[in-house]
>>> print(open('data_28.pdb').read())   # PDB, C-alpha atoms
ATOM      1  CA  MET A 255      53.375  51.693  32.116
ATOM      2  CA  LYS A 256      52.199  48.041  32.154
ATOM      3  CA  VAL A 257      49.957  48.770  35.125
ATOM      4  CA  PHE A 258      48.532  51.814  33.327
ATOM      5  CA  LYS A 259      47.800  49.744  30.195
ATOM      6  CA  ALA A 260      46.142  47.031  32.256
ATOM      7  CA  LEU A 261      43.941  49.579  34.015
ATOM      8  CA  LEU A 262      43.070  51.147  30.670
ATOM      9  CA  VAL A 263      42.029  47.787  29.192
ATOM     10  CA  LEU A 264      39.930  46.986  32.262
ATOM     11  CA  SER A 265      38.247  50.380  32.058
ATOM     12  CA  LEU A 266      37.447  49.906  28.372
ATOM     13  CA  LEU A 267      36.145  46.382  29.026
ATOM     14  CA  PHE A 268      33.940  47.587  31.871
ATOM     15  CA  ALA A 269      32.530  50.324  29.652
ATOM     16  CA  PHE A 270      31.945  47.739  26.927
ATOM     17  CA  LEU A 271      29.989  45.519  29.314
ATOM     18  CA  ILE A 272      27.725  48.236  30.658
ATOM     19  CA  SER A 273      27.585  50.595  27.690
ATOM     20  CA  CYS A 274      23.897  50.011  26.968
ATOM     21  CA  PRO A 275      20.829  50.321  29.208
ATOM     22  CA  GLN A 276      20.132  47.308  31.403
ATOM     23  CA  VAL A 277      17.482  45.580  29.349
ATOM     24  CA  LEU A 278      16.753  42.345  31.043
ATOM     25  CA  ALA A 279      14.813  39.620  29.309
ATOM     26  CA  ASP A 280      12.422  38.231  26.811
ATOM     27  CA  LYS A 281       8.657  38.184  26.655
ATOM     28  CA  GLY A 282       6.131  39.219  24.056
ATOM     29  CA  GLY A 283       3.334  41.664  24.599
ATOM     30  CA  PHE A 284       1.026  44.395  23.410
ATOM     31  CA  SER A 285      -0.764  47.554  24.506
ATOM     32  CA  PRO A 286      -4.528  46.986  24.935
ATOM     33  CA  SER A 287      -4.975  50.625  23.890
ATOM     34  CA  GLY A 288      -3.430  49.853  20.495
ATOM     35  CA  TYR A 289      -0.230  51.853  21.007
ATOM     36  CA  GLU A 290       3.048  50.586  19.568
ATOM     37  CA  VAL A 291       5.243  48.804  22.127
ATOM     38  CA  PHE A 292       9.020  48.498  21.741
ATOM     39  CA  GLU A 293      11.576  46.171  23.322
ATOM     40  CA  SER A 294      15.042  47.527  22.567
ATOM     41  CA  GLY A 295      16.887  44.710  24.283
ATOM     42  CA  GLN A 296      16.642  41.496  26.248
ATOM     43  CA  LYS A 297      18.703  39.701  28.856
ATOM     44  CA  ALA A 298      18.285  36.361  30.624
ATOM     45  CA  ILE A 299      20.188  33.925  32.811
ATOM     46  CA  ILE A 300      19.208  30.283  32.273
ATOM     47  CA  ALA A 301      20.426  27.477  34.530
ATOM     48  CA  TRP A 302      19.564  23.925  33.436
ATOM     49  CA  ASN A 303      20.801  20.579  34.760
ATOM     50  CA  GLY A 304      18.879  18.216  32.507
ATOM     51  CA  THR A 305      15.629  18.126  34.490
ATOM     52  CA  ASP A 306      15.151  21.524  36.135
ATOM     53  CA  GLU A 307      15.459  25.059  34.805
ATOM     54  CA  ILE A 308      15.785  28.401  36.570
ATOM     55  CA  LEU A 309      15.126  31.394  34.310
ATOM     56  CA  ILE A 310      15.880  34.895  35.632
ATOM     57  CA  LEU A 311      14.479  37.678  33.494
ATOM     58  CA  SER A 312      12.910  41.127  33.447
ATOM     59  CA  SER A 313      11.769  43.633  30.833
ATOM     60  CA  ASP A 314      12.650  47.071  29.567
ATOM     61  CA  VAL A 315       9.830  48.227  27.341
ATOM     62  CA  ASN A 316       8.412  51.507  26.224
ATOM     63  CA  SER A 317       5.199  52.489  24.491
ATOM     64  CA  SER A 318       4.451  55.291  22.036
ATOM     65  CA  GLN A 319       2.036  56.628  24.682
ATOM     66  CA  GLU A 320       1.342  55.894  28.343
ATOM     67  CA  SER A 321      -0.424  52.576  28.553
ATOM     68  CA  LYS A 322      -0.761  49.273  30.308
ATOM     69  CA  VAL A 323       1.246  46.521  28.588
ATOM     70  CA  ILE A 324       0.253  42.858  28.682
ATOM     71  CA  GLU A 325       3.248  40.521  28.395
ATOM     72  CA  PHE A 326       3.268  36.774  27.719
ATOM     73  CA  LEU A 327       5.908  34.169  28.551
ATOM     74  CA  PRO A 328       5.277  30.620  27.257
ATOM     75  CA  LEU A 329       6.742  27.818  29.409
ATOM     76  CA  PRO A 330       6.894  24.009  29.027
ATOM     77  CA  SER A 331       5.653  23.273  32.569
ATOM     78  CA  ASN A 332       3.998  24.956  35.536
ATOM     79  CA  PRO A 333       6.506  27.377  37.130
ATOM     80  CA  SER A 334       6.998  28.711  40.620
ATOM     81  CA  VAL A 335       7.639  32.456  40.411
ATOM     82  CA  SER A 336       9.507  34.749  42.785
ATOM     83  CA  GLU A 337      11.142  38.153  42.782
ATOM     84  CA  GLY A 338      14.679  38.343  41.453
ATOM     85  CA  GLU A 339      17.548  40.787  41.880
ATOM     86  CA  LYS A 340      19.579  42.773  39.354
ATOM     87  CA  LEU A 341      22.620  41.632  41.360
ATOM     88  CA  SER A 342      22.325  38.271  39.570
ATOM     89  CA  PHE A 343      23.091  39.965  36.252
ATOM     90  CA  TYR A 344      25.923  42.042  37.720
ATOM     91  CA  GLU A 345      27.573  38.860  39.046
ATOM     92  CA  VAL A 346      27.350  36.939  35.763
ATOM     93  CA  GLU A 347      28.525  39.972  33.773
ATOM     94  CA  ASP A 348      31.527  40.281  36.093
ATOM     95  CA  LEU A 349      32.421  36.615  35.479
ATOM     96  CA  VAL A 350      32.184  37.026  31.696
ATOM     97  CA  GLY A 351      34.127  40.300  31.772
ATOM     98  CA  THR A 352      36.949  38.744  33.783
ATOM     99  CA  TYR A 353      37.109  35.759  31.412
ATOM    100  CA  LEU A 354      37.197  37.956  28.313
ATOM    101  CA  TYR A 355      39.967  40.113  29.803
ATOM    102  CA  TYR A 356      42.260  37.233  30.724
ATOM    103  CA  THR A 357      41.720  35.450  27.397
ATOM    104  CA  GLY A 358      42.655  38.576  25.460
ATOM    105  CA  PHE A 359      39.277  39.103  23.786
ATOM    106  CA  ARG A 360      38.967  42.532  22.185
ATOM    107  CA  PRO A 361      35.536  43.503  20.853
ATOM    108  CA  LYS A 362      35.392  45.209  17.455
ATOM    109  CA  GLY A 363      32.401  47.231  18.613
ATOM    110  CA  PRO A 364      30.117  47.542  21.627
ATOM    111  CA  ILE A 365      28.441  44.306  22.720
ATOM    112  CA  PRO A 366      25.601  45.320  25.046
ATOM    113  CA  LEU A 367      24.908  43.204  28.055
ATOM    114  CA  ALA A 368      22.613  44.931  28.198
ATOM    115  CA  ALA A 369      -6.031  29.674  40.785
ATOM    116  CA  GLY A 370      -9.249  27.731  39.760
ATOM    117  CA  ASP A 371     -11.144  27.153  36.538
ATOM    118  CA  VAL A 372     -12.039  30.291  34.649
ATOM    119  CA  ARG A 373     -13.062  28.937  31.268
ATOM    120  CA  LYS A 374     -13.130  25.501  29.744
ATOM    121  CA  MET A 375      -9.581  24.297  29.000
ATOM    122  CA  VAL A 376      -7.957  27.327  30.689
ATOM    123  CA  GLU A 377      -6.850  27.009  34.306
ATOM    124  CA  ILE A 378      -5.201  29.582  36.550
ATOM    125  CA  THR A 379      -2.261  27.953  38.336
ATOM    126  CA  PHE A 380      -0.720  31.067  39.936
ATOM    127  CA  HIS A 381      -1.617  34.695  40.628
ATOM    128  CA  GLU A 382       0.322  37.177  42.720
ATOM    129  CA  LYS A 383       1.454  40.784  42.723
ATOM    130  CA  ILE A 384       5.268  40.761  42.856
ATOM    131  CA  GLY A 385       6.723  44.262  43.029
ATOM    132  CA  ALA A 386       5.745  46.080  39.823
ATOM    133  CA  HIS A 387       4.352  42.856  38.328
ATOM    134  CA  ASP A 388       0.768  41.630  38.442
ATOM    135  CA  LEU A 389       1.436  38.074  37.333
ATOM    136  CA  THR A 390      -0.972  35.298  36.424
ATOM    137  CA  VAL A 391       0.065  31.862  35.130
ATOM    138  CA  VAL A 392      -2.504  29.878  33.166
ATOM    139  CA  ARG A 393      -2.566  26.424  31.651
ATOM    140  CA  ALA A 394      -4.273  26.297  28.242
ATOM    141  CA  GLU A 395      -5.094  23.401  25.917
ATOM    142  CA  ASP A 396      -6.629  25.454  23.133
ATOM    143  CA  ALA A 397      -5.516  28.756  21.558
ATOM    144  CA  GLN A 398      -9.037  30.074  20.941
ATOM    145  CA  GLU A 399     -10.010  29.410  24.546
ATOM    146  CA  LEU A 400      -6.876  31.223  25.691
ATOM    147  CA  ILE A 401      -7.800  34.238  23.543
ATOM    148  CA  SER A 402     -11.288  34.243  25.085
ATOM    149  CA  TRP A 403      -9.794  34.029  28.564
ATOM    150  CA  ILE A 404      -7.514  37.021  27.842
ATOM    151  CA  GLU A 405     -10.503  39.061  26.677
ATOM    152  CA  ASP A 406     -12.361  38.226  29.905
ATOM    153  CA  PHE A 407      -9.205  38.860  31.925
ATOM    154  CA  LEU A 408      -8.798  42.376  30.510
ATOM    155  CA  SER A 409     -12.449  43.123  31.209
ATOM    156  CA  ASP A 410     -12.174  41.815  34.779
ATOM    157  CA  ILE A 411      -9.239  44.129  35.557
ATOM    158  CA  GLU A 412     -11.066  46.983  33.801
ATOM    159  CA  ILE A 413      -8.584  47.521  30.986
ATOM    160  CA  GLU A 414     -10.202  48.873  27.839
ATOM    161  CA  TYR A 415      -8.931  47.477  24.567
ATOM    162  CA  GLY A 416      -9.789  47.784  20.920
ATOM    163  CA  SER A 417      -8.759  44.405  19.573
ATOM    164  CA  LEU A 418      -6.081  41.826  20.342
ATOM    165  CA  PRO A 419      -3.073  41.566  17.983
ATOM    166  CA  SER A 420      -4.058  39.609  14.880
ATOM    167  CA  VAL A 421      -1.035  37.292  15.186
ATOM    168  CA  LEU A 422      -1.701  36.407  18.835
ATOM    169  CA  GLU A 423      -3.936  33.397  18.208
ATOM    170  CA  ASP A 424      -1.527  32.002  15.602
ATOM    171  CA  LEU A 425       1.378  32.306  18.042
ATOM    172  CA  PHE A 426      -0.611  30.617  20.806
ATOM    173  CA  SER A 427      -1.657  27.848  18.415
ATOM    174  CA  VAL A 428       1.964  27.045  17.555
ATOM    175  CA  TYR A 429       2.931  26.860  21.233
ATOM    176  CA  VAL A 430      -0.041  24.686  22.208
ATOM    177  CA  ASP A 431       0.582  22.359  19.248
ATOM    178  CA  GLU A 432       4.200  21.973  20.422
ATOM    179  CA  GLY A 433       3.054  21.029  23.941
ATOM    180  CA  ILE A 434       3.867  24.421  25.489
ATOM    181  CA  ASN A 435       0.736  24.845  27.596
ATOM    182  CA  PHE A 436       1.692  27.279  30.360
ATOM    183  CA  PHE A 437       1.636  31.041  29.836
ATOM    184  CA  ALA A 438       2.737  33.687  32.318
ATOM    185  CA  VAL A 439       0.613  36.817  31.798
ATOM    186  CA  ASP A 440       2.190  39.949  33.270
ATOM    187  CA  VAL A 441       0.579  43.398  33.515
ATOM    188  CA  ILE A 442       2.989  46.340  33.725
ATOM    189  CA  ASP A 443       2.908  50.096  33.079
ATOM    190  CA  ALA A 444       4.805  51.651  30.177
ATOM    191  CA  ASN A 445       5.237  55.052  28.578
ATOM    192  CA  SER A 446       7.564  56.759  26.107
ATOM    193  CA  THR A 447      10.482  56.443  28.538
ATOM    194  CA  THR A 448      12.233  53.068  28.548
ATOM    195  CA  ARG A 449      11.648  51.627  32.005
ATOM    196  CA  SER A 450      13.449  48.789  33.718
ATOM    197  CA  VAL A 451      11.274  46.387  35.686
ATOM    198  CA  GLU A 452      12.682  44.284  38.520
ATOM    199  CA  PRO A 453      13.596  40.730  37.438
ATOM    200  CA  LEU A 454      11.432  37.699  38.067
ATOM    201  CA  ILE A 455      12.660  34.153  38.693
ATOM    202  CA  TYR A 456      10.819  31.267  37.044
ATOM    203  CA  GLU A 457      11.612  27.733  38.234
ATOM    204  CA  PHE A 458      10.125  24.808  36.320
ATOM    205  CA  LYS A 459      10.710  21.265  35.127
ATOM    206  CA  SER A 460      12.102  20.868  31.624
ATOM    207  CA  SER A 461      13.760  18.080  29.631
ATOM    208  CA  ARG A 462      15.660  20.700  27.562
ATOM    209  CA  LEU A 463      17.053  24.155  28.047
ATOM    210  CA  TYR A 464      14.147  26.311  26.945
ATOM    211  CA  TYR A 465      13.929  30.018  26.165
ATOM    212  CA  PRO A 466      10.989  31.529  24.255
ATOM    213  CA  LEU A 467      11.927  33.939  21.470
ATOM    214  CA  ARG A 468       9.104  33.643  18.933
ATOM    215  CA  ILE A 469       6.626  35.320  21.309
ATOM    216  CA  SER A 470       8.750  38.487  21.309
ATOM    217  CA  THR A 471       7.731  39.202  17.703
ATOM    218  CA  LEU A 472       4.654  40.821  19.260
ATOM    219  CA  PHE A 473       6.942  43.781  19.996
ATOM    220  CA  SER A 474       8.255  46.167  17.352
ATOM    221  CA  GLY A 475      11.696  47.185  16.145
ATOM    222  CA  ASP A 476      15.225  45.897  16.664
ATOM    223  CA  THR A 477      16.644  44.312  19.769
ATOM    224  CA  ASP A 478      19.882  43.295  21.489
ATOM    225  CA  ILE A 479      19.732  39.962  23.323
ATOM    226  CA  SER A 480      22.277  38.912  25.925
ATOM    227  CA  LEU A 481      21.818  35.280  26.891
ATOM    228  CA  PHE A 482      23.754  33.552  29.680
ATOM    229  CA  THR A 483      23.415  29.762  30.008
ATOM    230  CA  ILE A 484      24.637  27.731  32.974
ATOM    231  CA  THR A 485      24.542  23.982  32.360
ATOM    232  CA  THR A 486      25.914  20.715  33.726
ATOM    233  CA  ARG A 487      27.972  20.244  30.558
ATOM    234  CA  GLU A 488      28.218  21.556  27.005
ATOM    235  CA  LEU A 489      25.048  22.098  24.983
ATOM    236  CA  ASN A 490      24.107  21.171  21.462
ATOM    237  CA  GLU A 491      24.036  24.792  20.300
ATOM    238  CA  GLU A 492      22.245  24.333  16.985
ATOM    239  CA  SER A 493      18.983  25.984  18.075
ATOM    240  CA  ILE A 494      20.944  28.934  19.509
ATOM    241  CA  LEU A 495      23.417  29.622  16.720
ATOM    242  CA  LYS A 496      21.027  29.042  13.809
ATOM    243  CA  GLY A 497      18.856  31.850  15.136
ATOM    244  CA  GLY A 498      21.619  34.376  14.574
ATOM    245  CA  PHE A 499      23.285  34.338  17.991
ATOM    246  CA  GLN A 500      27.040  34.840  18.304
ATOM    247  CA  LYS A 501      28.897  32.852  20.943
ATOM    248  CA  ILE A 502      31.160  35.200  22.912
ATOM    249  CA  ALA A 503      32.483  33.076  25.781
ATOM    250  CA  GLN A 504      32.457  29.611  27.357
ATOM    251  CA  PHE A 505      34.122  28.559  30.616
ATOM    252  CA  ASN A 506      33.480  26.678  33.852
ATOM    253  CA  ILE A 507      32.554  28.485  37.062
ATOM    254  CA  LYS A 508      32.970  27.436  40.673
ATOM    255  CA  GLN A 509      30.161  26.722  43.113
ATOM    256  CA  GLU A 510      30.922  29.822  45.175
ATOM    257  CA  ALA A 511      30.512  32.054  42.097
ATOM    258  CA  LEU A 512      27.284  30.272  41.203
ATOM    259  CA  GLY A 513      25.855  30.958  44.654
ATOM    260  CA  LYS A 514      26.420  34.672  44.189
ATOM    261  CA  ILE A 515      24.341  34.656  41.016
ATOM    262  CA  ASN A 516      21.451  32.822  42.664
ATOM    263  CA  PRO A 517      21.482  30.532  45.753
ATOM    264  CA  SER A 518      18.987  28.094  44.217
ATOM    265  CA  MET A 519      21.269  27.583  41.229
ATOM    266  CA  ALA A 520      24.071  26.406  43.501
ATOM    267  CA  ILE A 521      21.858  23.511  44.626
ATOM    268  CA  MET A 522      21.214  22.398  41.041
ATOM    269  CA  PHE A 523      24.789  21.366  40.250
ATOM    270  CA  SER A 524      27.105  18.896  41.997
ATOM    271  CA  ASN A 525      30.256  20.236  40.315
ATOM    272  CA  ASN A 526      31.492  23.275  38.413
ATOM    273  CA  PRO A 527      28.981  23.993  35.605
ATOM    274  CA  CYS A 528      29.607  25.473  32.165
ATOM    275  CA  LEU A 529      28.764  29.166  31.633
ATOM    276  CA  CYS A 530      28.225  30.455  28.073
ATOM    277  CA  PHE A 531      27.469  33.946  26.831
ATOM    278  CA  TYR A 532      25.591  34.425  23.555
ATOM    279  CA  LYS A 533      24.565  37.653  21.843
ATOM    280  CA  TYR A 534      22.006  38.549  19.176
ATOM    281  CA  GLU A 535      21.546  41.859  17.361
ATOM    282  CA  GLY A 536      18.766  42.369  14.872
ATOM    283  CA  SER A 537      15.078  42.660  14.168
ATOM    284  CA  LEU A 538      12.506  41.062  16.435
ATOM    285  CA  GLU A 539      10.739  39.865  13.290
ATOM    286  CA  ASN A 540      13.647  37.484  12.591
ATOM    287  CA  LEU A 541      13.102  35.519  15.818
ATOM    288  CA  LYS A 542      11.113  32.699  14.225
ATOM    289  CA  ASP A 543      12.017  29.880  16.627
ATOM    290  CA  ASP A 544      12.451  29.390  20.354
ATOM    291  CA  ILE A 545      15.673  28.100  21.869
ATOM    292  CA  SER A 546      15.343  24.422  22.743
ATOM    293  CA  ALA A 547      18.687  22.772  23.487
ATOM    294  CA  ARG A 548      19.852  19.499  24.984
ATOM    295  CA  PHE A 549      23.333  18.374  25.956
ATOM    296  CA  SER A 550      25.904  17.834  23.232
ATOM    297  CA  PHE A 551      25.687  14.441  21.477
ATOM    298  CA  PHE A 552      29.312  13.702  22.339
ATOM    299  CA  TRP A 553      28.293  13.544  25.990
ATOM    300  CA  VAL A 554      25.300  11.334  25.258
ATOM    301  CA  ILE A 555      27.263   8.424  23.733
ATOM    302  CA  PRO A 556      29.105   7.460  26.966
ATOM    303  CA  SER A 557      25.845   7.737  28.903
ATOM    304  CA  ILE A 558      24.081   5.400  26.486
ATOM    305  CA  ALA A 559      26.928   2.906  26.694
ATOM    306  CA  VAL A 560      26.813   2.884  30.494
ATOM    307  CA  ALA A 561      23.032   2.453  30.469
ATOM    308  CA  ILE A 562      23.193  -0.439  28.009
ATOM    309  CA  PHE A 563      25.834  -2.450  29.831
ATOM    310  CA  SER A 564      24.561  -1.694  33.336
ATOM    311  CA  SER A 565      21.036  -2.810  32.396
ATOM    312  CA  GLY A 566      22.094  -6.315  31.424
ATOM    313  CA  THR A 567      21.495  -5.822  27.705
ATOM    314  CA  ALA A 568      25.143  -6.074  26.644
ATOM    315  CA  LEU A 569      24.687  -9.645  25.425
ATOM    316  CA  THR A 570      21.720  -8.623  23.271
ATOM    317  CA  LEU A 571      23.768  -5.847  21.740
ATOM    318  CA  LEU A 572      26.668  -8.198  20.987
ATOM    319  CA  LEU A 573      24.323 -10.699  19.332
ATOM    320  CA  LEU A 574      23.118  -7.938  17.055
ATOM    321  CA  LEU A 575      26.649  -6.917  16.159
ATOM    322  CA  PHE A 576      28.180 -10.355  15.574
ATOM    323  CA  PRO A 577      26.978 -13.439  13.613
ATOM    324  CA  LYS A 578      25.638 -16.330  15.701
ATOM    325  CA  LYS A 579      28.502 -18.767  15.042
ATOM    326  CA  ARG A 580      31.143 -16.156  15.829
ATOM    327  CA  MET A 581      29.354 -15.358  19.102
ATOM    328  CA  GLU A 582      29.387 -19.055  20.032
ATOM    329  CA  ARG A 583      33.168 -19.135  19.567
ATOM    330  CA  ILE A 584      33.567 -15.984  21.695
ATOM    331  CA  LEU A 585      31.305 -17.239  24.498
ATOM    332  CA  HIS A 586      32.298 -20.919  24.576
ATOM    333  CA  GLY A 587      35.865 -20.759  23.421
ATOM    334  CA  SER A 588      35.203 -23.059  20.441
ATOM    335  CA  HIS A 589      37.337 -22.853  17.256
TER
END
>>> encode(input="data_28.pdb", output="structure tokens")
Amino acid sequence: MKVFKALLVLSLLFAFLISCPQVLADKGGFSPSGYEVFESGQKAIIAWNGTDEILILSSDVNSSQESKVIEFLPLPSNPSVSEGEKLSFYEVEDLVGTYLYYTGFRPKGPIPLAAGDVRKMVEITFHEKIGAHDLTVVRAEDAQELISWIEDFLSDIEIEYGSLPSVLEDLFSVYVDEGINFFAVDVIDANSTTRSVEPLIYEFKSSRLYYPLRISTLFSGDTDISLFTITTRELNEESILKGGFQKIAQFNIKQEALGKINPSMAIMFSNNPCLCFYKYEGSLENLKDDISARFSFFWVIPSIAVAIFSSGTALTLLLLLFPKKRMERILHGSH
């Protein structure tokens, strides 16, 4: 009977993990033909060690009518881009599912896991066809110039369009003002059937764990976001939780498990990193801010202390903390 119950729980948990379509990532986009574009869910794996980030993501989108869809992904630095595998998501979902089972977590409801200068101030840094993706990465210093480049870009690839989304320039302006100057521009096909596109891997330098959400307001409707973070140590989660995300799980994973998710991630960490699973359910319109997280402050204090004393500034610090006469007694043994 115990074995039967255990098998039943595992079966229910497995169904809970895969109950919704595999919707894999976050970008923002539009149909040049003016059709409504929907993104019913997102999923991403983010590995960050303090200096480097690997972001694995894909898209499931559908349009009210058959159309090309132009997607945008803002990034803080110039990425290298390669083709990913859905296996990465299966591996991380298996780790989370195992953790939730052995910790006794019981969901109240389903939680789905589911190059050269072209214009002034806009520079192409990457262009390649990767599977179903026709991907171009550009560096832009000005939102209006980026809009002009997109108009020329659509004309060059012979895509007819009525007008660009009215909010597009405002979104670009916010990103450029915040120092987010790189934009991955992806051209995919969409129709009324939700279609899963093979994941892409973006590798780039970043001083914080970064995941763009605000750009996804270009899409319509509600969404389910499954976000997996893999980090050297615990994060300051304020920018994640304040956006309406629920934290489902947190635990450490071994190097061998990390290598199964993505071999490059295994190189990023010298010991067993922290894996967290966050979930968001709600309207795309509510995603007003991107995720930008650093390590928890409680980990920063010891690092600062080590840096201060190892750099020979301990005496300066002590002089600031203690009166001069008291310091003389401490240093010279006077009374």
>>> atom_distance(input="data_28.pdb", atom1="CA of Ser427 in chain A", atom2="CA of Gln398 in chain A")
8.1 Å
>>> closest_residue(input="data_28.pdb", among="A:Phe549, A:Asp396, A:Asn540, A:Phe458", to="Val428 in chain A", atoms="only C-alpha atoms")
A:Asp396
>>> atom_distance(input="data_28.pdb", atom1="CA of Asp543 in chain A", atom2="CA of Arg462 in chain A")
14.7 Å
>>> residues_around(input="data_28.pdb", residues="Cys528 in chain A", least_positions_apart="3", cutoff="12 Å", atoms="only C-alpha atoms", output="PyMOL selection string")
chain A and resi 300-303+349-350+482-489+503-509+511-512+523+525+531+549
>>> closest_residue(input="data_28.pdb", among="A:Ile378, A:Ala547, A:Leu463, A:Leu538", to="Leu495 in chain A", atoms="all atoms listed in the file")
A:Ala547
>>> closest_residue(input="data_28.pdb", among="A:Cys530, A:Ala298, A:Leu329, A:Leu541", to="Leu454 in chain A", atoms="only C-alpha atoms")
A:Ala298
>>> atom_distance(input="data_28.pdb", atom1="CA of Pro328 in chain A", atom2="CA of Ile411 in chain A")
21.5 Å
>>> closest_residue(input="data_28.pdb", among="A:Ser524, A:Ser537, A:Ser518, A:Ser334", to="Gly498 in chain A", atoms="only C-alpha atoms")
A:Ser537
>>> resolve_selection(input="data_28.pdb", expression="the PyMOL selection byres ((chain A and resi 309) around 7)", output="list in words")
Ala298, Ile299, Ile300, Ala301, Glu307, Ile308, Ile310, Leu311, Ile455, Tyr456 and Glu457 of chain A
>>> closest_residue(input="data_28.pdb", among="A:Ser402, A:Tyr356, A:Ser331, A:Asp424", to="Thr305 in chain A", atoms="all atoms listed in the file")
A:Ser331
>>> closest_residue(input="data_28.pdb", among="A:Pro419, A:Gly497, A:Pro453, A:Gly513", to="Leu467 in chain A", atoms="all atoms listed in the file")
A:Gly497
>>> resolve_selection(input="data_28.pdb", expression="the PyMOL selection byres ((chain A and resi 339) around 12)", output="PyMOL selection string")
chain A and resi 278+299+310-312+336-338+340-345+385+451-455+514-517
>>> residues_around(input="data_28.pdb", residues="Ser546 in chain A", least_positions_apart="3", cutoff="10 Å", atoms="all atoms listed in the file", output="list in words")
Ser461, Arg462, Leu463, Tyr464, Tyr465, Pro466, Asn490, Glu491, Glu492, Ser493, Ile494 and Asp543 of chain A
